[in-house]
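Heads up, work_2.txt below (compact mmCIF, C-alpha atoms and all ligand atoms):
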```
# COMPACT_ATOMS: atom_id res chain seq x y z
CA MET I 516 -23.47 -10.58 -25.66
CA PRO I 517 -23.73 -10.29 -21.86
CA SER I 518 -24.21 -13.54 -19.97
CA GLU I 519 -27.67 -14.19 -18.63
CA LYS I 520 -26.20 -16.05 -15.63
CA ARG I 521 -25.25 -14.09 -12.53
CA ILE I 522 -21.73 -15.03 -11.46
CA LEU I 523 -20.33 -13.94 -8.10
CA ILE I 524 -16.62 -14.07 -7.35
CA ILE I 525 -15.79 -14.02 -3.64
CA GLY I 526 -12.46 -12.29 -2.96
CA GLY I 527 -10.72 -9.45 -4.77
CA GLY I 528 -7.20 -10.83 -4.68
CA LEU I 529 -5.15 -11.78 -7.73
CA SER I 530 -7.14 -14.98 -8.40
CA GLY I 531 -10.57 -13.32 -8.14
CA LEU I 532 -9.60 -10.36 -10.30
CA THR I 533 -7.86 -12.52 -12.90
CA LEU I 534 -10.96 -14.69 -13.12
CA ALA I 535 -13.23 -11.63 -13.54
CA TYR I 536 -10.89 -10.39 -16.27
CA LEU I 537 -10.72 -13.75 -18.11
CA LEU I 538 -14.51 -14.07 -18.05
CA SER I 539 -14.94 -10.48 -19.24
CA GLN I 540 -12.74 -11.36 -22.22
CA GLN I 541 -15.42 -13.94 -23.12
CA GLN I 542 -18.22 -11.37 -22.65
CA ILE I 543 -19.20 -13.01 -19.38
CA ASN I 544 -19.93 -10.58 -16.59
CA ALA I 545 -19.05 -11.48 -13.00
CA ASP I 546 -19.24 -9.36 -9.85
CA VAL I 547 -16.45 -9.42 -7.28
CA LEU I 548 -17.29 -9.22 -3.56
CA GLU I 549 -14.28 -8.14 -1.48
CA ALA I 550 -14.44 -8.10 2.32
CA SER I 551 -11.80 -5.47 2.85
CA SER I 552 -11.84 -1.77 1.95
CA ARG I 553 -8.70 -2.47 -0.09
CA ILE I 554 -8.41 -4.53 -3.26
CA GLY I 555 -5.49 -6.90 -3.95
CA GLY I 556 -5.42 -9.31 -0.99
CA ARG I 557 -1.90 -10.59 -0.40
CA ILE I 558 -0.58 -8.06 -2.93
CA GLN I 559 -0.05 -4.68 -1.23
CA THR I 560 2.34 -2.02 -2.49
CA ILE I 561 2.72 1.23 -0.58
CA GLN I 562 4.52 4.35 -1.82
CA GLY I 563 7.32 5.68 0.36
CA PRO I 564 7.38 9.46 1.00
CA LEU I 565 10.18 9.64 -1.61
CA GLY I 566 8.08 7.74 -4.15
CA THR I 567 9.59 4.25 -3.90
CA PRO I 568 7.11 1.41 -4.49
CA LEU I 569 7.45 -0.74 -1.36
CA GLU I 570 6.03 -4.27 -1.19
CA LEU I 571 4.34 -5.48 1.99
CA GLY I 572 3.13 -8.61 0.16
CA ALA I 573 3.99 -10.49 -3.05
CA THR I 574 7.19 -9.27 -4.71
CA TRP I 575 9.22 -11.75 -6.80
CA PHE I 576 8.78 -14.23 -9.64
CA ASN I 577 11.02 -15.98 -12.14
CA GLU I 578 11.16 -17.21 -15.73
CA SER I 579 9.29 -20.42 -14.85
CA HIS I 580 6.17 -18.44 -13.82
CA SER I 581 4.85 -18.64 -17.36
CA ARG I 582 1.20 -17.68 -16.78
CA LEU I 583 2.17 -14.61 -14.73
CA LEU I 584 4.65 -13.56 -17.44
CA ALA I 585 1.94 -14.01 -20.10
CA LEU I 586 -0.55 -11.95 -18.07
CA LEU I 587 2.02 -9.18 -17.56
CA ASP I 588 2.57 -9.14 -21.32
CA THR I 589 -1.14 -8.98 -22.07
CA LEU I 590 -1.58 -6.12 -19.61
CA ASP I 591 1.48 -4.34 -20.99
CA LEU I 592 3.36 -4.44 -17.69
CA LYS I 593 7.13 -4.67 -17.51
CA LYS I 594 9.43 -6.63 -15.23
CA HIS I 595 12.85 -5.71 -13.86
CA PRO I 596 15.54 -7.92 -12.30
CA GLN I 597 16.04 -8.10 -8.56
CA VAL I 598 19.45 -6.60 -7.74
CA THR I 599 21.89 -9.13 -6.30
CA LYS I 600 25.19 -7.57 -7.42
CA GLY I 601 27.70 -7.05 -4.64
CA THR I 602 28.55 -8.71 -1.36
CA SER I 603 25.73 -10.58 0.36
CA LEU I 604 25.76 -11.70 3.98
CA PHE I 605 24.86 -14.77 6.04
CA GLN I 606 24.79 -14.52 9.83
CA THR I 607 24.60 -17.99 11.31
CA SER I 608 25.18 -17.24 15.00
CA ASN I 609 26.18 -14.53 17.47
CA THR I 610 29.56 -16.10 18.02
CA GLU I 611 30.67 -16.70 14.40
CA PRO I 612 31.79 -13.90 12.06
CA ILE I 613 29.19 -12.93 9.44
CA GLN I 614 29.85 -14.90 6.23
CA LYS I 615 30.18 -13.03 2.94
CA PHE I 616 29.19 -14.40 -0.46
CA SER I 617 28.19 -13.16 -3.88
CA VAL I 618 25.51 -14.42 -6.26
CA PRO I 619 26.17 -14.34 -10.01
CA GLU I 620 23.49 -11.99 -11.37
CA GLU I 621 22.35 -14.38 -14.06
CA GLU I 622 21.86 -17.29 -11.60
CA ASN I 623 18.22 -18.01 -10.80
CA GLN I 624 17.28 -14.47 -11.71
CA SER I 625 14.18 -13.24 -9.99
CA TYR I 626 12.13 -10.29 -11.16
CA ARG I 627 9.75 -7.65 -9.83
CA ILE I 628 7.01 -5.70 -11.57
CA VAL I 629 8.01 -2.19 -12.67
CA GLY I 630 6.13 0.31 -10.51
CA GLY I 631 5.28 -2.35 -7.90
CA THR I 632 3.19 -5.53 -7.78
CA GLN I 633 0.04 -3.45 -7.21
CA GLN I 634 0.37 -2.41 -10.89
CA LEU I 635 -0.90 -5.88 -11.77
CA ILE I 636 -3.99 -5.42 -9.60
CA GLU I 637 -4.57 -1.90 -10.99
CA ALA I 638 -4.22 -3.11 -14.59
CA LEU I 639 -6.78 -5.88 -14.01
CA ILE I 640 -9.22 -3.41 -12.41
CA GLN I 641 -8.80 -1.08 -15.39
CA LYS I 642 -10.08 -3.87 -17.62
CA LEU I 643 -13.24 -4.29 -15.54
CA ASP I 644 -16.33 -2.15 -15.11
CA PRO I 645 -15.96 -0.33 -11.74
CA ASN I 646 -19.47 -1.50 -10.81
CA GLN I 647 -18.25 -5.09 -10.97
CA ILE I 648 -16.22 -4.70 -7.77
CA LYS I 649 -17.86 -4.26 -4.38
CA LEU I 650 -15.54 -3.48 -1.46
CA ASN I 651 -16.47 -3.86 2.24
CA SER I 652 -18.58 -6.88 1.29
CA LYS I 653 -17.58 -9.81 3.46
CA VAL I 654 -19.35 -13.00 2.45
CA ILE I 655 -20.52 -14.94 5.49
CA GLN I 656 -22.92 -17.45 3.96
CA ILE I 657 -23.50 -19.42 0.75
CA LYS I 658 -26.85 -21.20 0.52
CA MET I 659 -28.12 -23.52 -2.16
CA GLU I 660 -31.85 -23.15 -2.74
CA ASN I 661 -34.14 -24.70 -5.35
CA ASP I 662 -33.76 -21.81 -7.77
CA GLY I 663 -30.02 -21.23 -7.37
CA LEU I 664 -27.54 -19.91 -4.83
CA LYS I 665 -27.90 -17.10 -2.30
CA VAL I 666 -24.83 -15.31 -1.00
CA GLY I 667 -25.13 -13.64 2.40
CA VAL I 668 -22.96 -10.57 2.99
CA SER I 669 -22.04 -9.11 6.39
CA THR I 670 -23.95 -5.94 5.45
CA GLY I 671 -27.14 -8.02 5.65
CA GLU I 672 -27.56 -8.24 1.88
CA LEU I 673 -28.57 -11.62 0.39
CA ILE I 674 -27.50 -11.78 -3.27
CA ALA I 675 -28.90 -14.34 -5.72
CA ALA I 676 -26.41 -16.03 -8.03
CA ASP I 677 -26.35 -18.82 -10.59
CA LEU I 678 -22.63 -19.50 -10.10
CA VAL I 679 -20.30 -18.67 -7.22
CA VAL I 680 -16.51 -18.90 -7.22
CA VAL I 681 -14.76 -18.71 -3.84
CA CYS I 682 -11.30 -17.17 -4.36
CA LEU I 683 -10.00 -17.12 -0.77
CA PRO I 684 -7.39 -18.95 1.25
CA PRO I 685 -9.25 -22.16 2.23
CA GLN I 686 -8.58 -21.56 5.93
CA ALA I 687 -10.46 -18.22 5.69
CA THR I 688 -13.27 -19.94 3.77
CA ALA I 689 -13.54 -22.57 6.50
CA SER I 690 -13.96 -20.20 9.40
CA GLU I 691 -15.68 -17.19 7.80
CA ILE I 692 -18.27 -18.68 5.43
CA GLN I 693 -21.18 -20.86 6.47
CA PHE I 694 -22.31 -23.29 3.76
CA SER I 695 -25.89 -24.50 3.65
CA PRO I 696 -26.33 -27.35 3.11
CA THR I 697 -22.94 -28.29 4.55
CA LEU I 698 -20.38 -29.19 1.91
CA PRO I 699 -20.02 -32.96 1.48
CA ASP I 700 -17.49 -34.74 3.70
CA PRO I 701 -14.51 -34.54 3.83
CA MET I 702 -14.43 -31.01 2.30
CA PRO I 703 -15.36 -29.26 5.61
CA GLN I 704 -12.59 -31.16 7.39
CA LEU I 705 -10.07 -30.43 4.61
CA LEU I 706 -10.53 -26.63 4.27
CA PRO I 707 -9.03 -25.60 7.66
CA LEU I 708 -6.04 -27.87 7.08
CA VAL I 709 -4.95 -26.27 3.78
CA GLN I 710 -1.94 -24.14 4.66
CA THR I 711 -2.31 -20.43 3.85
CA TRP I 712 0.84 -19.48 2.01
CA MET I 713 2.76 -16.78 3.91
CA GLY I 714 0.07 -16.64 6.58
CA GLY I 715 1.70 -15.32 9.74
CA SER I 716 4.76 -13.94 7.95
CA ILE I 717 6.01 -10.43 8.71
CA LYS I 718 7.22 -8.40 5.75
CA PHE I 719 8.96 -5.07 6.31
CA VAL I 720 10.05 -2.19 4.08
CA LEU I 721 12.47 0.70 4.45
CA GLU I 722 13.08 3.70 2.20
CA PHE I 723 16.25 5.81 2.11
CA GLU I 724 17.43 8.88 0.22
CA GLU I 725 20.70 7.21 -0.79
CA PRO I 726 21.76 3.59 -1.46
CA PHE I 727 24.49 3.91 1.21
CA TRP I 728 25.08 0.12 1.30
CA LYS I 729 26.21 0.12 -2.33
CA LYS I 730 29.10 2.47 -1.52
CA SER I 731 30.55 -0.29 0.66
CA GLY I 732 30.00 -2.89 -2.10
CA TYR I 733 27.02 -4.63 -0.47
CA SER I 734 24.19 -6.09 -2.53
CA GLY I 735 21.66 -5.36 0.20
CA MET I 736 20.87 -9.07 0.49
CA ALA I 737 21.40 -10.75 3.86
CA PHE I 738 20.11 -13.76 5.78
CA SER I 739 20.28 -14.14 9.54
CA HIS I 740 19.50 -16.88 12.03
CA VAL I 741 20.15 -14.50 14.89
CA GLY I 742 18.48 -11.09 14.93
CA ILE I 743 15.08 -9.63 14.14
CA ILE I 744 15.76 -9.59 10.37
CA ALA I 745 15.52 -13.10 8.89
CA GLU I 746 15.96 -11.99 5.24
CA ILE I 747 16.60 -8.60 3.63
CA TYR I 748 16.90 -7.53 -0.02
CA ASP I 749 17.65 -4.37 -1.96
CA HIS I 750 14.33 -2.79 -2.91
CA SER I 751 15.50 0.01 -5.20
CA ASN I 752 13.30 0.82 -8.19
CA GLU I 753 14.01 -0.24 -11.78
CA GLY I 754 15.59 3.10 -12.72
CA LYS I 755 17.82 2.98 -9.60
CA THR I 756 16.55 6.43 -8.65
CA LYS I 757 14.63 5.36 -5.52
CA PHE I 758 16.13 3.28 -2.75
CA GLY I 759 15.11 0.94 -0.02
CA PHE I 760 14.98 -2.54 1.43
CA THR I 761 12.36 -5.19 1.91
CA GLY I 762 12.50 -8.45 3.78
CA PHE I 763 11.05 -10.74 6.41
CA LEU I 764 11.24 -10.50 10.17
CA ASN I 765 11.67 -13.35 12.58
CA ALA I 766 8.18 -14.60 13.61
CA THR I 767 8.71 -13.69 17.28
CA ALA I 768 8.79 -9.98 16.29
CA SER I 769 4.98 -9.97 16.22
CA ARG I 770 5.07 -9.66 20.01
CA LEU I 771 6.80 -6.26 19.75
CA SER I 772 5.31 -2.85 18.92
CA LEU I 773 5.89 -1.25 15.52
CA GLU I 774 8.32 1.23 17.13
CA GLU I 775 10.25 -1.57 18.83
CA ARG I 776 10.44 -3.52 15.57
CA GLN I 777 11.69 -0.44 13.70
CA GLY I 778 14.39 0.19 16.32
CA LEU I 779 15.58 -3.42 16.29
CA VAL I 780 15.55 -3.63 12.47
CA LEU I 781 17.76 -0.54 12.14
CA ARG I 782 20.11 -1.82 14.85
CA HIS I 783 20.36 -5.26 13.22
CA LEU I 784 20.90 -3.75 9.77
CA GLY I 785 23.72 -1.61 11.22
CA GLU I 786 25.31 -4.76 12.69
CA LEU I 787 25.07 -6.59 9.35
CA LEU I 788 26.45 -3.72 7.27
CA GLU I 789 28.89 -2.61 9.98
CA GLU I 790 27.87 1.03 9.76
CA LYS I 791 25.49 3.52 11.34
CA ILE I 792 22.22 3.46 9.43
CA PRO I 793 20.86 6.88 8.40
CA ASN I 794 17.27 7.73 9.31
CA PRO I 795 14.88 6.09 6.85
CA SER I 796 12.11 8.19 5.32
CA ILE I 797 9.77 5.35 6.30
CA TYR I 798 9.76 2.06 8.14
CA GLN I 799 6.61 -0.02 7.70
CA ASP I 800 5.75 -3.65 8.19
CA LYS I 801 2.78 -5.95 7.98
CA ILE I 802 1.97 -9.04 10.02
CA TRP I 803 -0.15 -11.27 7.78
CA THR I 804 -2.36 -12.84 10.42
CA ASP I 805 -5.76 -11.21 9.89
CA ARG I 806 -8.90 -13.32 9.54
CA LEU I 807 -9.22 -12.57 5.80
CA VAL I 808 -6.00 -14.48 5.30
CA LEU I 809 -5.80 -17.07 8.06
CA GLY I 810 -9.35 -17.41 9.32
CA ALA I 811 -10.14 -17.76 12.99
CA ASN I 812 -8.17 -20.84 14.01
CA PRO I 813 -4.81 -20.83 12.31
CA ILE I 814 -3.19 -24.14 13.08
CA ILE I 815 0.47 -24.34 12.21
CA GLN I 816 0.75 -26.35 9.04
CA ARG I 817 3.49 -27.79 6.92
CA PRO I 818 4.34 -25.44 4.04
CA HIS I 819 2.07 -26.22 1.06
CA GLN I 820 0.03 -28.74 3.10
CA TYR I 821 -2.94 -29.97 0.99
CA HIS I 822 -2.29 -27.39 -1.75
CA GLY I 823 -3.98 -28.42 -5.00
CA HIS I 824 -5.94 -31.18 -3.21
CA PRO I 825 -8.38 -32.89 -5.65
CA LEU I 826 -11.37 -31.83 -3.50
CA LEU I 827 -10.45 -28.17 -4.11
CA LEU I 828 -10.67 -28.73 -7.87
CA GLN I 829 -14.19 -30.14 -7.85
CA SER I 830 -17.41 -28.23 -8.25
CA TYR I 831 -20.17 -28.41 -5.64
CA TYR I 832 -23.90 -27.72 -5.39
CA HIS I 833 -24.64 -29.23 -8.85
CA GLU I 834 -21.80 -27.41 -10.67
CA LYS I 835 -22.81 -24.03 -9.25
CA LEU I 836 -20.00 -23.59 -6.71
CA PHE I 837 -16.26 -23.55 -7.51
CA PHE I 838 -13.07 -22.90 -5.57
CA ALA I 839 -10.07 -20.95 -6.91
CA GLY I 840 -7.23 -19.12 -5.15
CA THR I 841 -3.52 -19.88 -5.15
CA GLU I 842 -3.81 -22.69 -2.56
CA THR I 843 -6.05 -24.67 -4.94
CA SER I 844 -3.45 -24.75 -7.68
CA THR I 845 -1.75 -28.05 -8.48
CA GLU I 846 1.37 -26.19 -9.62
CA TYR I 847 3.04 -23.11 -8.10
CA ALA I 848 0.47 -23.09 -5.29
CA GLY I 849 1.06 -20.23 -2.89
CA TYR I 850 2.61 -17.97 -5.51
CA MET I 851 1.05 -15.37 -7.79
CA GLU I 852 1.57 -17.91 -10.57
CA GLY I 853 -0.67 -20.37 -8.70
CA ALA I 854 -3.36 -17.71 -8.19
CA ILE I 855 -3.43 -17.02 -11.95
CA ARG I 856 -3.43 -20.74 -12.85
CA SER I 857 -6.36 -21.35 -10.47
CA ALA I 858 -8.33 -18.53 -12.14
CA GLU I 859 -7.56 -20.00 -15.57
CA ARG I 860 -8.74 -23.44 -14.44
CA VAL I 861 -12.08 -22.16 -13.14
CA ALA I 862 -12.59 -19.90 -16.17
CA GLN I 863 -12.22 -23.01 -18.35
CA GLN I 864 -14.62 -25.00 -16.15
CA ILE I 865 -17.23 -22.22 -16.43
CA LEU I 866 -16.76 -21.85 -20.19
CA LYS I 867 -17.02 -25.61 -20.69
CA GLU I 868 -20.26 -25.70 -18.74
CA LYS I 869 -21.59 -22.75 -20.73
CA GLY I 870 -20.63 -24.09 -24.13
C1 LIG K 901 4.21 -11.37 2.83
C2 LIG K 901 3.92 -12.11 1.53
C3 LIG K 901 4.91 -12.22 0.58
C4 LIG K 901 4.66 -12.89 -0.62
N1 LIG K 901 5.64 -12.94 -1.56
C5 LIG K 901 5.37 -13.51 -2.76
C6 LIG K 901 6.34 -13.43 -3.81
O1 LIG K 901 7.42 -12.83 -3.65
N2 LIG K 901 6.02 -14.03 -4.99
C7 LIG K 901 4.82 -14.67 -5.19
O2 LIG K 901 4.59 -15.16 -6.30
N3 LIG K 901 3.88 -14.72 -4.23
C8 LIG K 901 4.14 -14.15 -3.02
N4 LIG K 901 3.18 -14.16 -2.05
C9 LIG K 901 1.93 -14.91 -2.30
C10 LIG K 901 0.95 -14.11 -3.16
O3 LIG K 901 0.69 -12.89 -2.53
C11 LIG K 901 -0.33 -14.93 -3.31
O4 LIG K 901 -0.05 -16.14 -3.99
C12 LIG K 901 -1.45 -14.26 -4.10
O5 LIG K 901 -1.50 -12.88 -3.93
C13 LIG K 901 -2.77 -14.93 -3.66
O6 LIG K 901 -3.86 -14.45 -4.38
P1 LIG K 901 -5.29 -15.08 -4.08
O7 LIG K 901 -6.27 -14.33 -4.89
O8 LIG K 901 -5.23 -16.55 -4.21
O9 LIG K 901 -5.56 -14.82 -2.52
P2 LIG K 901 -5.60 -13.45 -1.68
O10 LIG K 901 -4.63 -12.48 -2.19
O11 LIG K 901 -5.51 -13.86 -0.24
O12 LIG K 901 -7.05 -12.88 -1.99
C14 LIG K 901 -8.20 -13.26 -1.27
C15 LIG K 901 -9.09 -12.03 -1.12
O13 LIG K 901 -10.30 -12.43 -0.49
C16 LIG K 901 -10.69 -11.46 0.47
N5 LIG K 901 -11.56 -12.14 1.43
C17 LIG K 901 -11.21 -12.94 2.47
N6 LIG K 901 -12.33 -13.41 3.09
C18 LIG K 901 -13.39 -12.90 2.41
C19 LIG K 901 -14.79 -13.05 2.55
N7 LIG K 901 -15.34 -13.81 3.52
N8 LIG K 901 -15.62 -12.39 1.69
C20 LIG K 901 -15.08 -11.62 0.68
N9 LIG K 901 -13.75 -11.45 0.51
C21 LIG K 901 -12.91 -12.09 1.36
C22 LIG K 901 -9.36 -10.99 1.05
O14 LIG K 901 -9.51 -9.72 1.64
C23 LIG K 901 -8.50 -10.96 -0.21
O15 LIG K 901 -8.56 -9.71 -0.86
C24 LIG K 901 3.39 -13.47 -0.85
C25 LIG K 901 2.38 -13.35 0.11
C26 LIG K 901 2.64 -12.66 1.29
C27 LIG K 901 1.55 -12.50 2.32
```
Rewritten as structure tokens:
Amino acid sequence: MPSEKRILIIGGGLSGLTLAYLLSQQQINADVLEASSRIGGRIQTIQGPLGTPLELGATWFNESHSRLLALLDTLDLKKHPQVTKGTSLFQTSNTEPIQKFSVPEEENQSYRIVGGTQQLIEALIQKLDPNQIKLNSKVIQIKMENDGLKVGVSTGELIAADLVVVCLPPQATASEIQFSPTLPDPMPQLLPLVQTWMGGSIKFVLEFEEPFWKKSGYSGMAFSHVGIIAEIYDHSNEGKTKFGFTGFLNATASRLSLEERQGLVLRHLGELLEEKIPNPSIYQDKIWTDRLVLGANPIIQRPHQYHGHPLLLQSYYHEKLFFAGTETSTEYAGYMEGAIRSAERVAQQILKEKG
């Protein structure tokens, strides 16, 4: 039986979509308003010209991420181990030789989703009615009125709702959404101080025809305190038929152009692997600093600062307004696991209120 209440979920990232899916499993309909023209938020997989799924956002998880593993199972998605076999590298300074080490494959195994992390987003969307998701719908206002809530969208639309769940990084909520009446103190002061996980990071991907690094016995994993590449990992697909790398750039690289970053990444990779790097079929990167992630005034925060704060777990506006999103999670905040747990928490709160 469809719900008579109108529920609006703000944000079409993993938490918002998981929540819409969990509610739909209980025959409760909820619409998702997503600001961007793209669904998935901090999950973004692109396909290389040779068909390799390349992650610009979330990539890895491990056996302790129990809710993510359960969701993958339910959605019939498979995982595959991150390759670590071979010689890995650690460059501590320009003056010291690069250190070599190897990681036993079974140690702290991390996994990726077969076909790319975006498969998780696609599988959740498949479970929803396409009309439930509205792209290009940036929420700028949430108002409580006598008869319920009104959600103002940047398109000028004002949508009535009985329940609203904000599934955004709190820093983006703080600067992009106006609440009327103002949320009770100290919630307005807290929101901009909740660190956005991976906000400001620069993830890069490379695709190659051949896994040339394997011929020299390298795992593809390297860490550097010196050059433009801070971390790099083998990014070959599960069938080992498509090849590439992913990793993180040093934060100062944001000052350079894409072409400059590409040139420096290939030069640094050549220095690490001590060989001339063939032309990649693609170099791409993403600097995660846009307002939908960090809001307008990103202040540098301690990692995980105020994640899972009790004020983020409360409801507001007489149990009509809730907050989810990975930063609200009391466990695994920041990770995909935290996003799923936050959606499960709010789904339970809504169901409790209903029943
Ligand atoms: C580079 C990078 C690497 C990462 N690596 C990993 C990893 O390896 N493993 C891991 O577990 N996690 C990783 N993460 C974290 C993971 O991506 C997040 O935990 C998860 O995707 C967060 O989901 P979310 O729904 O809470 O938030 P988001 O994904 O941020 O979703 C919020 C959504 O809200 C939308 N939005 C924003 N403002 C508005 C508005 N005003 N109105 C409407 N919509 C709005 C945004 O466009 C976005 O789609 C990584 C993140 C990044 C950026």
Just want the residues within 7 Å of ligand LIG 901 (chain K), written as an NGL selection string, counting all atoms listed in the file. :I and (525-531 or 548-551 or 554-558 or 571-576 or 652-655 or 682-684 or 687-688 or 691-692 or 712-714 or 716-718 or 803 or 807-808 or 840-842 or 849-854)
Contact residues around Lys642 (chain I) with all atoms listed in the file at 12 Å, ignoring same-chain residues under 6 positions, as JSON, numbers by chain: {"I": [532, 533, 534, 535, 536, 537, 538, 539, 540, 544, 589, 590, 635, 636, 648]}
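Each of I:Glu846, I:Glu790, I:Glu753, I:Glu859 was compared to Ser579 (chain I) using all atoms listed in the file, and I:Glu846 turns out to be the nearest.
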Distance criterion (only C-alpha atoms): nearest to Asn765 (chain I) out of I:Ser739, I:Asn651, I:Gln864, I:Ser857: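 Using only C-alpha atoms, the shortest distance to Asn765 (chain I) belongs to I:Ser739.
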Do a neighbour search on Arg776 (chain I) at 12 Å with all atoms listed in the file, toss out local chain neighbours closer than 6 positions, and write the hits as a ChimeraX atom specification. /I:717-720,742-744,763-770,782-784,798-802
Separation of CA of Ile855 (chain I) from CA of Leu523 (chain I), in Å and rounded to one decimal: 17.6 Å
Within 7 Å of (1.7, -1.4, -2.7) in the file's own coordinates, which protein, DNA or RNA residues have an atom, counting all atoms listed in the file? List them as an MDAnalysis selection string. chainID I and resid 559:562 568:571 631:633
Nearest residue to Asp591 (chain I) out of I:Leu639, I:Leu565, I:Val861, I:Ile613, using only C-alpha atoms?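 Under the stated criterion, the closest residue is I:Leu639.
The residue that comes closest to Lys600 (chain I), out of I:Asp662, I:Val668, I:Gly735, I:Gly566 and on the basis of all atoms listed in the file, is I:Gly735.
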Completed region 799-813 of chain I (N, CA and C atoms) as a CSV table (one decimal), in the coordinates of the input:
```csv
chain,number,residue,atom,x,y,z
I,799,GLN,N,8.0,0.5,7.6
I,799,GLN,CA,6.6,0.0,7.7
I,799,GLN,C,6.7,-1.5,7.7
I,800,ASP,N,5.8,-2.2,8.3
I,800,ASP,CA,5.8,-3.6,8.2
I,800,ASP,C,4.3,-4.1,8.3
I,801,LYS,N,4.1,-5.4,7.9
I,801,LYS,CA,2.8,-6.0,8.0
I,801,LYS,C,2.9,-7.4,8.5
I,802,ILE,N,2.1,-7.7,9.5
I,802,ILE,CA,2.0,-9.0,10.0
I,802,ILE,C,0.7,-9.7,9.4
I,803,TRP,N,0.9,-10.7,8.6
I,803,TRP,CA,-0.2,-11.3,7.8
I,803,TRP,C,-0.9,-12.3,8.6
I,804,THR,N,-1.6,-11.9,9.6
I,804,THR,CA,-2.4,-12.8,10.4
I,804,THR,C,-3.9,-12.5,10.5
I,805,ASP,N,-4.3,-11.6,9.7
I,805,ASP,CA,-5.8,-11.2,9.9
I,805,ASP,C,-6.7,-12.3,9.4
I,806,ARG,N,-7.9,-12.2,9.8
I,806,ARG,CA,-8.9,-13.3,9.5
I,806,ARG,C,-9.2,-13.5,8.1
I,807,LEU,N,-9.0,-12.4,7.2
I,807,LEU,CA,-9.2,-12.6,5.8
I,807,LEU,C,-8.2,-13.4,5.1
I,808,VAL,N,-7.1,-13.6,5.8
I,808,VAL,CA,-6.0,-14.5,5.3
I,808,VAL,C,-6.0,-15.8,6.0
I,809,LEU,N,-6.0,-15.8,7.3
I,809,LEU,CA,-5.8,-17.1,8.1
I,809,LEU,C,-7.1,-17.7,8.6
I,810,GLY,N,-8.2,-16.9,8.6
I,810,GLY,CA,-9.4,-17.4,9.3
I,810,GLY,C,-9.2,-17.3,10.8
I,811,ALA,N,-10.1,-18.0,11.5
I,811,ALA,CA,-10.1,-17.8,13.0
I,811,ALA,C,-9.2,-18.7,13.8
I,812,ASN,N,-8.9,-19.9,13.2
I,812,ASN,CA,-8.2,-20.8,14.0
I,812,ASN,C,-6.9,-21.3,13.3
I,813,PRO,N,-6.0,-20.4,13.1
I,813,PRO,CA,-4.8,-20.8,12.3
I,813,PRO,C,-4.0,-21.9,13.1
```
